[in-house]
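Inspection log for the structure reproduced underneath, given as structure tokens.
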Amino acid sequence: MSAQGPLTGVKVLDMTNVLAGPFAAYQLSLSGADVVKVEVPGGGDLARSLGADSELNKAQLGASFVAQNSGKRSIAVDLKTEEGREAFTALLRSSDVLLENFRPGVLDRLGFGQQMLKELNPRLVYCAISGFGQTGPLRDRPAYDQIVQGLSGMMSSSGTEDSGPLRAGYPVADTLGGMAASFAISSALVERARTNEGSVIDVSMLETAITAMGWVVSNLLVAGQSPVPMGNENFTAAPSGTFMTGAGRINISANKQEQFEALCRYIGRKELAADPRFAEREARKTNREELKLCLEEALAERSAQEWEDGFSTIGVPAGQVLEVSEVLDLAQVRERGLVHEVPNPVDDERKLSVLGNGVRINGTVSTPAAGPPLLGEHTDEILREIGMDQSKIDSLREHGGIV
């Protein structure tokens, strides 16, 4: 079922739930890996019931689940039973990657700690994603995206003095954790090709969030400067932020001197480039509020769309502030094939749309190989692939180990 790509032939056991882990496994699937989603019988991944469409939630195909699990196969295994552990052991022996996002220690208590995994499959790449990592004083705490956004400093550097700290409007910490995991797994598979040995990967969502803050953290570490919430302004330059136009908002990043001068000429305010308050880079940063007022007076003469088109012709980076629906309708996005239509396993008449990953390899778009799986939809198929006959599968099912 996997798509063709650089990870074709790699088998991934995805024991994860909700977002960070499923997102990581989805990236591997888009790159060609055969991702087997190992779920708990009865409810499966919590995301199956999450999303804005109540009918899909009832069918255990919530929009949140569909977004990160298309192209995967599902097997329902109860690891609290002897029969379930037997089936899972057989899966481990034949897999390349195990990905989980339990709290530290959960897999050990189920009988599949690191030492056991190594004994069962020395070539296994084992990746654990957690809020704070497998070590340290916070290792046992539960963590959700918003908790990590707050603890990482992300929120303190967002918003304004009036608004106070603000979280990003989407689960950025979860997503970054998933991206870090998929990158680390891919790297470990390259290493395994050289050494023939597996790896243990410990991904901390908190640490990946902090590292993603790049320049903000560097300013503190290197220059001793703590971040100040500046709303939509860019602390490194001015004019660089969000501006009102005659119709709509536009982001402008005239970070270079020549870009600023070109901007001033294009909007008919070339005198601003000679104004002592704005002539030099540091002066513009000091007087960014006055500069913004001057620019918005001129920008009020046209729409954000008109200004965006015009600025692009003179080499000034600019773009409208769009709604998500407008973004998905952009000719650029449509032509690149980012959105994919996949089958709906419970309604042939209603197709589902999901995102790819924005990556092309040798010109080929990364596309999910199938729609999202029903809970336990592929249990028998997957077990037969690893050599179990139907009588053995029926026996495991009879004793409650699988569904």
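We label chains A, B, ... in the order they appear in the structure tokens, count residues from 1 in each chain, and number ligands from 1 in the order shown.
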
For this session: Compile the contact shell of Glu385 of chain A as a list in words: residues with an atom at most 12 Å away, counting only C-alpha atoms, same-chain residues fewer than 4 positions apart removed.
Result: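 Using only C-alpha atoms, the neighbours found are Lys11, Val36, Ala90, Leu91, Ser94, Ser95, His378, Thr379, Asp380, Glu381, Asp389, Gln390 and Ile393 of chain A.
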
For this session: Identify, with DSSP run on backbone atoms, the residues in segment 233-356 of chain A assigned to helix (DSSP H, G or I), and express the list as a PyMOL selection string.
Result: chain A and resi 257-266+270-273+281-286+288-299+304-313+324-328+331-336

Exercise. Counting only C-alpha atoms, which of A:Ala25, A:Leu30, A:Ala238, A:Ala369 gets nearest to Gly356 of chain A?
Worked result: A:Leu30

For this session: Give the answer as one residue: which of A:Gly246, A:Leu56, A:Asp96, A:Phe183 has the shortest atom-to-atom distance to Pro345 of chain A, using only C-alpha atoms?
Result: A:Leu56

For this session: Using DSSP on the backbone, list every residue of segment 315-383 of chain A that comes out as strand (DSSP E or B), and give them as a list in words.
Result: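 DSSP on the backbone gives strand (DSSP E or B) at Ala318, Gly319, Gln320, Val339, His340, Glu341, Val342, Leu352, Ser353, Val354, Leu355, Arg360, Ile361, Thr364 and Val365 of chain A.
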
Could you take the residues named above and write them with C-alpha atoms, as an mmCIF file, in the first residue's frame?
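Output file part-v4.cif is given in full below:
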```cif
data_model
loop_
_atom_site.group_PDB
_atom_site.id
_atom_site.type_symbol
_atom_site.label_atom_id
_atom_site.label_comp_id
_atom_site.auth_asym_id
_atom_site.auth_seq_id
_atom_site.Cartn_x
_atom_site.Cartn_y
_atom_site.Cartn_z
ATOM 1 C CA ALA A 318 5.771 40.943 0.031
ATOM 2 C CA GLY A 319 2.682 38.793 0.381
ATOM 3 C CA GLN A 320 -0.926 39.143 1.420
ATOM 4 C CA VAL A 339 -3.657 18.756 -1.606
ATOM 5 C CA HIS A 340 -4.542 15.151 -2.416
ATOM 6 C CA GLU A 341 -7.904 13.445 -2.727
ATOM 7 C CA VAL A 342 -8.061 10.002 -1.096
ATOM 8 C CA LEU A 352 -11.443 13.092 1.558
ATOM 9 C CA SER A 353 -8.768 15.722 0.987
ATOM 10 C CA VAL A 354 -5.432 15.664 2.789
ATOM 11 C CA LEU A 355 -2.136 17.530 2.600
ATOM 12 C CA ARG A 360 9.282 16.782 -4.504
ATOM 13 C CA ILE A 361 11.986 14.193 -5.103
ATOM 14 C CA THR A 364 7.718 13.625 -8.116
ATOM 15 C CA VAL A 365 5.078 14.843 -5.660
#
```

Problem set entry | Residue neighbourhood segment 175-177 of chain A, 12 Å, only C-alpha atoms, exclusion window fewer than 3 positions, as a VMD selection string | chain A and resid 18 to 27 68 101 127 to 133 144 to 146 148 to 149 168 170 to 172 180 to 184 202 to 213 357

Take the residues from that selection and put them in a file with C-alpha atoms, as a PDB file, in the first residue's frame.
```
ATOM      1  CA  VAL A  18      -3.008  12.189  18.100  1.00  0.00           C
ATOM      2  CA  LEU A  19      -0.361  14.356  16.375  1.00  0.00           C
ATOM      3  CA  ALA A  20       3.415  14.428  16.935  1.00  0.00           C
ATOM      4  CA  GLY A  21       3.926  10.704  16.365  1.00  0.00           C
ATOM      5  CA  PRO A  22       1.288  10.214  13.657  1.00  0.00           C
ATOM      6  CA  PHE A  23       2.682  13.262  11.832  1.00  0.00           C
ATOM      7  CA  ALA A  24       6.178  11.739  11.904  1.00  0.00           C
ATOM      8  CA  ALA A  25       4.919   8.398  10.601  1.00  0.00           C
ATOM      9  CA  TYR A  26       2.887  10.165   7.907  1.00  0.00           C
ATOM     10  CA  GLN A  27       6.044  11.849   6.607  1.00  0.00           C
ATOM     11  CA  GLN A  68      -2.020  12.371   9.511  1.00  0.00           C
ATOM     12  CA  ASN A 101       4.821   8.490  21.861  1.00  0.00           C
ATOM     13  CA  CYS A 127      12.096   6.134  18.168  1.00  0.00           C
ATOM     14  CA  ALA A 128      10.294   7.449  21.255  1.00  0.00           C
ATOM     15  CA  ILE A 129       8.659  10.891  21.135  1.00  0.00           C
ATOM     16  CA  SER A 130       7.687  12.511  24.428  1.00  0.00           C
ATOM     17  CA  GLY A 131       7.071  15.940  25.853  1.00  0.00           C
ATOM     18  CA  PHE A 132      10.387  16.223  27.657  1.00  0.00           C
ATOM     19  CA  GLY A 133      12.499  13.239  26.644  1.00  0.00           C
ATOM     20  CA  TYR A 144       0.393  18.687  25.118  1.00  0.00           C
ATOM     21  CA  ASP A 145       1.282  21.179  22.427  1.00  0.00           C
ATOM     22  CA  GLN A 146       0.149  24.245  24.363  1.00  0.00           C
ATOM     23  CA  VAL A 148       5.257  22.906  25.366  1.00  0.00           C
ATOM     24  CA  GLN A 149       4.620  26.206  23.604  1.00  0.00           C
ATOM     25  CA  ALA A 168       0.616  29.906  17.730  1.00  0.00           C
ATOM     26  CA  TYR A 170      -1.848  25.687  15.267  1.00  0.00           C
ATOM     27  CA  PRO A 171       0.015  22.866  17.119  1.00  0.00           C
ATOM     28  CA  VAL A 172       3.495  23.953  16.116  1.00  0.00           C
ATOM     29  CA  ALA A 180      12.434  16.005  14.146  1.00  0.00           C
ATOM     30  CA  ALA A 181      11.455  12.366  14.637  1.00  0.00           C
ATOM     31  CA  SER A 182      11.016  11.659  10.929  1.00  0.00           C
ATOM     32  CA  PHE A 183      14.380  13.280  10.188  1.00  0.00           C
ATOM     33  CA  ALA A 184      16.110  11.312  12.938  1.00  0.00           C
ATOM     34  CA  ASP A 202      14.852   9.968  22.068  1.00  0.00           C
ATOM     35  CA  VAL A 203      12.860  12.974  20.788  1.00  0.00           C
ATOM     36  CA  SER A 204      11.926  15.763  23.210  1.00  0.00           C
ATOM     37  CA  MET A 205       9.156  18.074  22.023  1.00  0.00           C
ATOM     38  CA  LEU A 206      10.386  20.757  24.430  1.00  0.00           C
ATOM     39  CA  GLU A 207      13.905  20.673  23.041  1.00  0.00           C
ATOM     40  CA  THR A 208      12.814  20.628  19.399  1.00  0.00           C
ATOM     41  CA  ALA A 209      10.598  23.640  20.100  1.00  0.00           C
ATOM     42  CA  ILE A 210      13.499  25.519  21.680  1.00  0.00           C
ATOM     43  CA  THR A 211      15.883  24.712  18.822  1.00  0.00           C
ATOM     44  CA  ALA A 212      13.297  25.904  16.302  1.00  0.00           C
ATOM     45  CA  MET A 213      13.418  29.367  17.890  1.00  0.00           C
ATOM     46  CA  ASN A 357       4.419  17.421   2.628  1.00  0.00           C
TER      47      ASN A 357
END
```

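Nearest to Gly105 of chain A of all the residues A:Leu117, A:Thr135, A:Arg93, A:Ala237 is A:Thr135, based on only C-alpha atoms.
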
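Take the candidates A:Gln259, A:Leu92, A:Leu107, A:Glu39 and check each one against Leu120 of chain A using only C-alpha atoms; the shortest distance goes to A:Leu92.
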
Exercise. Which polymer residues have any atom within 9 Å of an atom of Gly51 of chain A, counting only C-alpha atoms, with same-chain residues fewer than 2 positions away left out, as a list in words?
Worked result: Ala47, Arg48, Ser49, Asp53, Ser54, Leu56, Asn57, Leu61, Gly62, Ala63, Ser64 and Phe65 of chain A

Output file for the selection above: N, CA, C and O atoms, as a PDB file, in the first residue's frame:
```pdb
ATOM      1  N   ALA A  47      -7.311  10.539  18.020  1.00  0.00           N
ATOM      2  CA  ALA A  47      -7.633  11.485  16.943  1.00  0.00           C
ATOM      3  C   ALA A  47      -8.771  10.985  16.064  1.00  0.00           C
ATOM      4  O   ALA A  47      -9.356  11.770  15.311  1.00  0.00           O
ATOM      5  N   ARG A  48      -9.090   9.694  16.137  1.00  0.00           N
ATOM      6  CA  ARG A  48     -10.209   9.171  15.349  1.00  0.00           C
ATOM      7  C   ARG A  48     -11.534   9.870  15.703  1.00  0.00           C
ATOM      8  O   ARG A  48     -12.455   9.893  14.884  1.00  0.00           O
ATOM      9  N   SER A  49     -11.616  10.429  16.887  1.00  0.00           N
ATOM     10  CA  SER A  49     -12.854  11.101  17.294  1.00  0.00           C
ATOM     11  C   SER A  49     -12.688  12.613  17.403  1.00  0.00           C
ATOM     12  O   SER A  49     -13.530  13.294  17.991  1.00  0.00           O
ATOM     13  N   ASP A  53     -15.931  17.661  11.905  1.00  0.00           N
ATOM     14  CA  ASP A  53     -17.036  16.953  11.253  1.00  0.00           C
ATOM     15  C   ASP A  53     -17.540  15.855  12.184  1.00  0.00           C
ATOM     16  O   ASP A  53     -16.879  14.820  12.364  1.00  0.00           O
ATOM     17  N   SER A  54     -18.718  16.041  12.769  1.00  0.00           N
ATOM     18  CA  SER A  54     -19.235  15.096  13.752  1.00  0.00           C
ATOM     19  C   SER A  54     -19.538  13.729  13.151  1.00  0.00           C
ATOM     20  O   SER A  54     -19.392  12.701  13.820  1.00  0.00           O
ATOM     21  N   LEU A  56     -17.910  12.225  10.673  1.00  0.00           N
ATOM     22  CA  LEU A  56     -16.637  11.511  10.558  1.00  0.00           C
ATOM     23  C   LEU A  56     -16.151  11.050  11.931  1.00  0.00           C
ATOM     24  O   LEU A  56     -15.577   9.958  12.064  1.00  0.00           O
ATOM     25  N   ASN A  57     -16.379  11.866  12.952  1.00  0.00           N
ATOM     26  CA  ASN A  57     -15.996  11.471  14.306  1.00  0.00           C
ATOM     27  C   ASN A  57     -16.716  10.185  14.722  1.00  0.00           C
ATOM     28  O   ASN A  57     -16.120   9.280  15.313  1.00  0.00           O
ATOM     29  N   LEU A  61     -13.286   8.365  12.008  1.00  0.00           N
ATOM     30  CA  LEU A  61     -12.424   8.928  10.974  1.00  0.00           C
ATOM     31  C   LEU A  61     -12.400  10.451  11.105  1.00  0.00           C
ATOM     32  O   LEU A  61     -12.585  11.189  10.140  1.00  0.00           O
ATOM     33  N   GLY A  62     -12.171  10.932  12.329  1.00  0.00           N
ATOM     34  CA  GLY A  62     -12.135  12.362  12.571  1.00  0.00           C
ATOM     35  C   GLY A  62     -11.141  13.077  11.676  1.00  0.00           C
ATOM     36  O   GLY A  62     -10.120  12.500  11.265  1.00  0.00           O
ATOM     37  N   ALA A  63     -11.428  14.322  11.372  1.00  0.00           N
ATOM     38  CA  ALA A  63     -10.567  15.090  10.466  1.00  0.00           C
ATOM     39  C   ALA A  63      -9.128  15.127  10.960  1.00  0.00           C
ATOM     40  O   ALA A  63      -8.181  15.116  10.163  1.00  0.00           O
ATOM     41  N   SER A  64      -8.934  15.163  12.278  1.00  0.00           N
ATOM     42  CA  SER A  64      -7.582  15.179  12.828  1.00  0.00           C
ATOM     43  C   SER A  64      -6.851  13.879  12.528  1.00  0.00           C
ATOM     44  O   SER A  64      -5.638  13.868  12.302  1.00  0.00           O
ATOM     45  N   PHE A  65      -7.595  12.769  12.522  1.00  0.00           N
ATOM     46  CA  PHE A  65      -7.004  11.471  12.204  1.00  0.00           C
ATOM     47  C   PHE A  65      -6.702  11.356  10.717  1.00  0.00           C
ATOM     48  O   PHE A  65      -5.615  10.934  10.313  1.00  0.00           O
TER      49      PHE A  65
END
```

For this session: Please provide as a list of chain:residue names all residues within 12 Å of Thr313 of chain A, with the sequence filter that same-chain residues fewer than 5 positions apart are discarded (counting only C-alpha atoms).
Result: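 Near neighbours after the sequence-gap exclusion: A:Gln259, A:Ala262, A:Leu263, A:Tyr266, A:Glu306, A:Trp307, A:Glu308, A:Ala318.
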
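With only C-alpha atoms as the atoms that count, the minimum distance from Thr286 of chain A to the choices A:Leu99, A:Gly358, A:Asp162, A:Phe235 is reached by A:Phe235.
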
Exercise. Could you state the separation of atom CA of Asn251 of chain A and atom CA of Asn234 of chain A in Å, given to one decimal place?
Worked result: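 One can read the atom CA of Asn251 of chain A to atom CA of Asn234 of chain A distance as 10.5 Å.
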
Seminar exercise, completed: Of A:Glu398, A:Ile250, A:Ser226, A:Phe243, the one nearest to Leu293 of chain A when counting only C-alpha atoms is A:Phe243

Exercise. What is the distance between atom CA of Glu377 of chain A and atom CA of Ile402 of chain A, in Å to one decimal?
Worked result: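 That distance, rounded to one decimal, is 11.3 Å.
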